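Written below as structure tokens is the structure these notes are about.
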Amino acid sequence: MELEPIVGAACAACQSKILVDTDGKNCKRCGLAIHRGCGKDHRPKCTGTAVVESVRHDYDEVASVAWTRRLTAFVAVGVFAIAFGGGSWFSAANSDSPPTVGSPSAGSARRPTPVYAWVGIVAGACIAAGGYAWERKRQERG
């Protein structure tokens, strides 16, 4: 049996609108939305209806992600690429060798960040996030 959403639904006992989640609840017997104070008034109306096995909330109905080998591999490769890019970035920033005379950074104290550092960070984030989203969609479809 599907449960009625609480917020915005009309109370099964008094027919007024439930405005806030904390003001209402689902009846444990029939699953209809009722105000917390209207529970006693609603009880005689739903004595002959089917009993709901458990009252679930919206956040309980979302299936969790199964960490398959594919998902673990995507996230691991993404994290490795991020670590590679971050390591390249920090090693270039902490390099003790002075800039060469013809380089664009010869006049400045700050060394340029290597392009592959940014590529590693961005590609790693895309691989990890994209792999997670793709596997999540695949699991939702069944």
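Labels used: A, B, ... for chains in the order of the structure tokens, numbers from 1 for residues in each chain, and numbers from 1 for ligands as shown.
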*Do you know which residues are at most 7 Å from region 79-92 of chain A counting only C-alpha atoms, after dropping those on the same chain fewer than 3 positions away, and could you put them as number ranges by chain?*
A: 75-76, 95, 113-114, 116-121, 123-125, 128
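The interatomic distance for the pair CA of Arg43 (chain A) and CA of Leu19 (chain A) works out to 21.4 Å.
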_I'd like the neighbourhood of Lys137 (chain A) as number ranges by chain, where a residue qualifies if any of its atoms comes within 12 Å (using only C-alpha atoms), though same-chain residues fewer than 6 positions away should be ignored._
A: 63-66, 71, 130-131
*Between CA of Gly142 (chain A) and CA of Ile6 (chain A), what is the distance, to one decimal in Å?*
28.6 Å
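The interatomic distance for the pair CA of Gly78 (chain A) and CA of Ala129 (chain A) works out to 8.1 Å.
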_Which of A:Val77, A:Lys28, A:Ala9, A:Val20 sits closest to Ile127 (chain A) [using only C-alpha atoms]_ = A:Val77
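Distances from A:His42, A:Phe74, A:His35, A:Val122 to Lys17 (chain A) were compared using only C-alpha atoms, and the smallest one belongs to A:His35.
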